[in-house]
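This report concerns only the one structure given below.
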Amino acid sequence: MLLYTSFPADVFNIIVQVLRRMAPFNYYAGWEVTCFGLEDQLLICLMKLRLNFRDLDLADRFGTSRSTVSNIVNTFISVLHEIFYDGVLKAVGIPSQLKCKGSMPKSFEDFTSARIAMDATEITQDIPSNMNSQSLTYSNYKSRHTVKAVTCVAPNGALVFTSDLYPGSTSDAAIVEHCKVLDHLQPGDLILADKGFNIFDKLPAGVSLNIPPFLSSKSHFTREEAKLCYKIGRSRIHVERANERIKNYEILSHIPSQYRHMTTKIFQLCCCLVNLQAPLLKEIANKYEVEQENESEM
């Protein structure tokens with residue numbers, strides 16, 4: 001189950017129960033799939049996301065047609081996106097600073113007012129046929145054509161925000177401004193980010209930003225600056241680890257052409273599915289296990 005879906009069987013069964021409440025679905029191709037139960041259709045979709053099997057491969061594995069697999073995958077991506085992105089990630093939003101403090105890990109002990117750690121992540125795409133699109137999607141940083149999003153994690157490692165996908169040449173600051181993530185913050189909140197997020201002029205009143213210092217004309221950092229770089233990096237590493245989990249969904253390494261019309265949905269859904277995996281931070285996982293044991297004893 002972990003191999004094909006990235007999370008354990010009990011989580012898979014919970015998703016099945018949620019889907020049962022949503023049924024019947026409006027299938028993408030206009031005709032309903034009746035040859036498979038809900039569990040198998042969900043598994044086909046998750047296998048597509050997790051391992052990016054070709055539709056023909058999945059059709060052979062499940063003894064069906066390629067068009068049936070395509071119908072299932074397109075349908076369930078949209079349904080799961082509506083449940084987990086629109087209904088959970090977007091609806092719940094970024095936890096308040098008070099909630100963040102309730103699960104603050106030790107790595108954030110120097111930034112107790114931190115509400116999010118922010119980073120940008122890029123995924124590769126084929127060279128667009130349109131010349132204007134080619135110039136927009138070419139990333140100088142990656143030296144290839146990409147699409148790009150800004151993601152944010154709470155101090156406990158949970159992904160709490162993801163933007164839409166933008167052409168790879170778009171700057172981090174431009175994405176932050178356009179996706180309106182700063183509108184979710186309150187006075188007193190702190191953002192942790194890397195040097196690419198020089199967005200001091202865009203911050204709402206009372207919101208702070210901590211990024212590593214620039215070397216400018218100096219040849220090396222002072223002792224205080226080096227300590228600050230270490231502290232910020234120690235806290236920010238969690239958003240980079242979360243982005244690594246997102247990219248473990250193989251479909252993002254190369255989104256097939258027949259699913260490219262829903263690239264943003266696929267990316268945002270993968271972000272949501274990361275939150276269904278084991279907690280990113282060991283101390284948060286241990287705390288969760290203790291709480292579960294206490295509940296079972298009660």
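Ligands are numbered from 1 in the order shown, chains are lettered A, B, ... in the order of the structure tokens, and residues start at 1 in each chain.
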
Would you list the contacts of A:Arg234 as a list in words, taking every protein, DNA or RNA residue within 10 Å and counting only C-alpha atoms, but skipping same-chain residues closer than 3 positions in sequence?
Lys106, Ser107, Phe108, Leu228, Cys229, Tyr230, Lys231, Ile237 and His238 of chain A

Selected residues, C-alpha atoms, written as a short mmCIF file (atom, residue, chain, number, x, y, z; two decimals), in the first residue's frame, please.
```cif
data_model
loop_
_atom_site.label_atom_id
_atom_site.label_comp_id
_atom_site.auth_asym_id
_atom_site.auth_seq_id
_atom_site.Cartn_x
_atom_site.Cartn_y
_atom_site.Cartn_z
CA LYS A 106 12.36 22.52 19.00
CA SER A 107 13.86 23.68 15.70
CA PHE A 108 11.60 26.76 15.90
CA LEU A 228 21.31 33.51 12.02
CA CYS A 229 21.81 31.61 8.74
CA TYR A 230 22.07 28.37 10.70
CA LYS A 231 18.94 29.06 12.76
CA ILE A 237 14.52 22.70 6.14
CA HIS A 238 11.03 21.38 6.87
#
```

Find the residues around A:Ala117 up to 8 Å (only C-alpha atoms counted), leave out those fewer than 4 positions away in its own chain, and share them as a list of chain:residue names.
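Those residues are A:Cys152, A:Val153, A:Ala154, A:Pro155, A:Ile191, A:Leu192, A:Ala193, A:Ser235, A:Arg236, A:His238, A:Val239.
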
File of the preceding selection, C-alpha atoms, as a PDB file, in the first residue's frame:
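Done, and the output landed in part_6.pdb:
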```pdb
ATOM      1  CA  CYS A 152       4.134  26.957   2.791  1.00  0.00           C
ATOM      2  CA  VAL A 153       4.394  24.676   5.805  1.00  0.00           C
ATOM      3  CA  ALA A 154       3.370  25.316   9.396  1.00  0.00           C
ATOM      4  CA  PRO A 155       6.077  24.856  12.074  1.00  0.00           C
ATOM      5  CA  ILE A 191       7.571  34.232   7.778  1.00  0.00           C
ATOM      6  CA  LEU A 192      10.739  32.203   7.284  1.00  0.00           C
ATOM      7  CA  ALA A 193      12.090  32.052   3.735  1.00  0.00           C
ATOM      8  CA  SER A 235      13.765  25.860  10.673  1.00  0.00           C
ATOM      9  CA  ARG A 236      13.305  26.206   6.905  1.00  0.00           C
ATOM     10  CA  HIS A 238      11.034  21.380   6.866  1.00  0.00           C
ATOM     11  CA  VAL A 239       9.458  23.126   3.870  1.00  0.00           C
TER      12      VAL A 239
END
```

I want to know what sits within 9 Å of A:Gln41, based on only C-alpha atoms, with residues of the same chain fewer than 5 positions away left out; could you give that as a PyMOL selection string?
chain A and resi 33+36+46+69+72-73+76

How about saving the chosen residues, N, CA and C atoms kept, as an mmCIF file, in the first residue's frame?
```
data_model
loop_
_atom_site.group_PDB
_atom_site.id
_atom_site.type_symbol
_atom_site.label_atom_id
_atom_site.label_comp_id
_atom_site.auth_asym_id
_atom_site.auth_seq_id
_atom_site.Cartn_x
_atom_site.Cartn_y
_atom_site.Cartn_z
ATOM 1 N N VAL A 33 -18.180 4.449 -14.944
ATOM 2 C CA VAL A 33 -17.406 3.214 -14.877
ATOM 3 C C VAL A 33 -18.090 2.274 -13.888
ATOM 4 N N PHE A 36 -15.615 -1.584 -12.123
ATOM 5 C CA PHE A 36 -14.744 -1.575 -10.945
ATOM 6 C C PHE A 36 -15.474 -0.954 -9.765
ATOM 7 N N LEU A 46 -4.477 6.639 -7.638
ATOM 8 C CA LEU A 46 -3.318 6.856 -6.770
ATOM 9 C C LEU A 46 -2.055 6.228 -7.352
ATOM 10 N N VAL A 69 -9.315 3.606 -18.012
ATOM 11 C CA VAL A 69 -8.305 4.124 -17.088
ATOM 12 C C VAL A 69 -8.259 5.650 -17.149
ATOM 13 N N ILE A 72 -11.253 7.148 -15.396
ATOM 14 C CA ILE A 72 -11.130 7.038 -13.942
ATOM 15 C C ILE A 72 -10.147 8.071 -13.397
ATOM 16 N N VAL A 73 -8.970 8.151 -13.999
ATOM 17 C CA VAL A 73 -7.927 9.044 -13.491
ATOM 18 C C VAL A 73 -8.371 10.504 -13.563
ATOM 19 N N PHE A 76 -11.233 11.042 -10.868
ATOM 20 C CA PHE A 76 -10.853 10.980 -9.458
ATOM 21 C C PHE A 76 -9.857 12.070 -9.076
#
```

Which residues of stretch 129-180 of chain A come within 9 Å of stretch 201-212 of chain A, and what is each one's closest atom pair and distance in Å (one decimal), counting only C-alpha atoms, sorted by chain and residue number, as a tab-separated table?
```
residue	atom	partner	partner_atom	distance
A:Ala173	CA	A:Lys202	CA	8.6
A:Val176	CA	A:Lys202	CA	8.9
A:Glu177	CA	A:Lys202	CA	7.2
```

Two-atom distance - atom CA of A:Asp194, atom CA of A:Glu240 (Å):
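Answer for the atom CA of A:Asp194 to atom CA of A:Glu240 separation: 10.6 Å.
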
Near stretch 161-169 of chain A, within 10 Å and counting only C-alpha atoms, which residues show up once chain neighbours fewer than 4 positions away are dropped, as a PyMOL selection string?
chain A and resi 85+89-90+92-94+116+118-125+133-154+174-176+178-181+184+263-265+267-269+271-272

Take the residues just selected and output them with C-alpha atoms as a PDB file, in the first residue's frame.
```pdb
ATOM      1  CA  TYR A  85      -7.763  20.999  -1.700  1.00  0.00           C
ATOM      2  CA  LEU A  89      -6.417  22.867   2.534  1.00  0.00           C
ATOM      3  CA  LYS A  90      -8.052  25.969   1.063  1.00  0.00           C
ATOM      4  CA  VAL A  92      -9.130  25.554   6.629  1.00  0.00           C
ATOM      5  CA  GLY A  93      -6.326  27.866   5.558  1.00  0.00           C
ATOM      6  CA  ILE A  94      -3.132  28.655   7.445  1.00  0.00           C
ATOM      7  CA  ILE A 116       4.824  29.616   8.021  1.00  0.00           C
ATOM      8  CA  MET A 118       7.869  29.493   2.599  1.00  0.00           C
ATOM      9  CA  ASP A 119       9.645  28.069  -0.430  1.00  0.00           C
ATOM     10  CA  ALA A 120       9.270  27.718  -4.200  1.00  0.00           C
ATOM     11  CA  THR A 121       9.379  24.416  -6.049  1.00  0.00           C
ATOM     12  CA  GLU A 122       9.638  23.708  -9.774  1.00  0.00           C
ATOM     13  CA  ILE A 123       8.554  20.731 -11.873  1.00  0.00           C
ATOM     14  CA  THR A 124       9.736  19.987 -15.393  1.00  0.00           C
ATOM     15  CA  GLN A 125       7.481  20.150 -18.413  1.00  0.00           C
ATOM     16  CA  SER A 133       5.239  30.181 -23.885  1.00  0.00           C
ATOM     17  CA  GLN A 134       8.763  28.849 -24.400  1.00  0.00           C
ATOM     18  CA  SER A 135      10.319  32.061 -23.139  1.00  0.00           C
ATOM     19  CA  LEU A 136       7.937  32.206 -20.173  1.00  0.00           C
ATOM     20  CA  THR A 137       8.487  28.635 -19.007  1.00  0.00           C
ATOM     21  CA  TYR A 138      12.271  28.569 -19.358  1.00  0.00           C
ATOM     22  CA  SER A 139      13.868  28.622 -15.913  1.00  0.00           C
ATOM     23  CA  ASN A 140      17.386  30.052 -15.770  1.00  0.00           C
ATOM     24  CA  TYR A 141      17.810  28.459 -12.346  1.00  0.00           C
ATOM     25  CA  LYS A 142      16.974  24.946 -13.609  1.00  0.00           C
ATOM     26  CA  SER A 143      18.214  25.504 -17.201  1.00  0.00           C
ATOM     27  CA  ARG A 144      15.084  23.868 -18.606  1.00  0.00           C
ATOM     28  CA  HIS A 145      11.366  24.495 -19.105  1.00  0.00           C
ATOM     29  CA  THR A 146       9.433  24.306 -15.850  1.00  0.00           C
ATOM     30  CA  VAL A 147       6.317  25.367 -14.003  1.00  0.00           C
ATOM     31  CA  LYS A 148       6.620  26.746 -10.517  1.00  0.00           C
ATOM     32  CA  ALA A 149       4.614  27.127  -7.296  1.00  0.00           C
ATOM     33  CA  VAL A 150       5.062  28.573  -3.823  1.00  0.00           C
ATOM     34  CA  THR A 151       4.368  26.228  -0.922  1.00  0.00           C
ATOM     35  CA  CYS A 152       4.134  26.957   2.791  1.00  0.00           C
ATOM     36  CA  VAL A 153       4.394  24.676   5.805  1.00  0.00           C
ATOM     37  CA  ALA A 154       3.370  25.316   9.396  1.00  0.00           C
ATOM     38  CA  ALA A 174       5.848  37.836  -8.155  1.00  0.00           C
ATOM     39  CA  ILE A 175       4.163  34.527  -7.310  1.00  0.00           C
ATOM     40  CA  VAL A 176       3.808  35.527  -3.642  1.00  0.00           C
ATOM     41  CA  HIS A 178      -0.175  37.226  -7.220  1.00  0.00           C
ATOM     42  CA  CYS A 179      -1.318  34.208  -5.163  1.00  0.00           C
ATOM     43  CA  LYS A 180      -2.315  36.453  -2.218  1.00  0.00           C
ATOM     44  CA  VAL A 181      -0.749  34.208   0.433  1.00  0.00           C
ATOM     45  CA  HIS A 184      -3.827  35.146   5.216  1.00  0.00           C
ATOM     46  CA  THR A 263      -1.443  20.169 -14.172  1.00  0.00           C
ATOM     47  CA  THR A 264      -2.259  22.603 -11.366  1.00  0.00           C
ATOM     48  CA  LYS A 265      -4.936  20.276  -9.965  1.00  0.00           C
ATOM     49  CA  PHE A 267       0.193  19.375  -8.208  1.00  0.00           C
ATOM     50  CA  GLN A 268      -2.188  20.727  -5.569  1.00  0.00           C
ATOM     51  CA  LEU A 269      -3.661  17.270  -4.986  1.00  0.00           C
ATOM     52  CA  CYS A 271       0.457  18.517  -1.863  1.00  0.00           C
ATOM     53  CA  CYS A 272      -2.708  17.473  -0.038  1.00  0.00           C
TER      54      CYS A 272
END
```

As an MDAnalysis selection string, list the residues of stretch 225-275 of chain A assigned to alpha helix (DSSP H) by DSSP on the backbone atoms of this structure.
chainID A and resid 225:247 263:274

Between atom CA of A:Met47 and atom CA of A:Tyr4, what is the spacing in Å?
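Taking atom CA of A:Tyr4 and atom CA of A:Met47, their separation equals 5.2 Å.
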
Minimum-distance residue to A:Gly63, chosen among A:Ile266, A:Ile44, A:Ile15, A:Leu273 (using only C-alpha atoms):
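Among A:Ile266, A:Ile44, A:Ile15, A:Leu273, it is A:Ile44 that comes nearest to A:Gly63.
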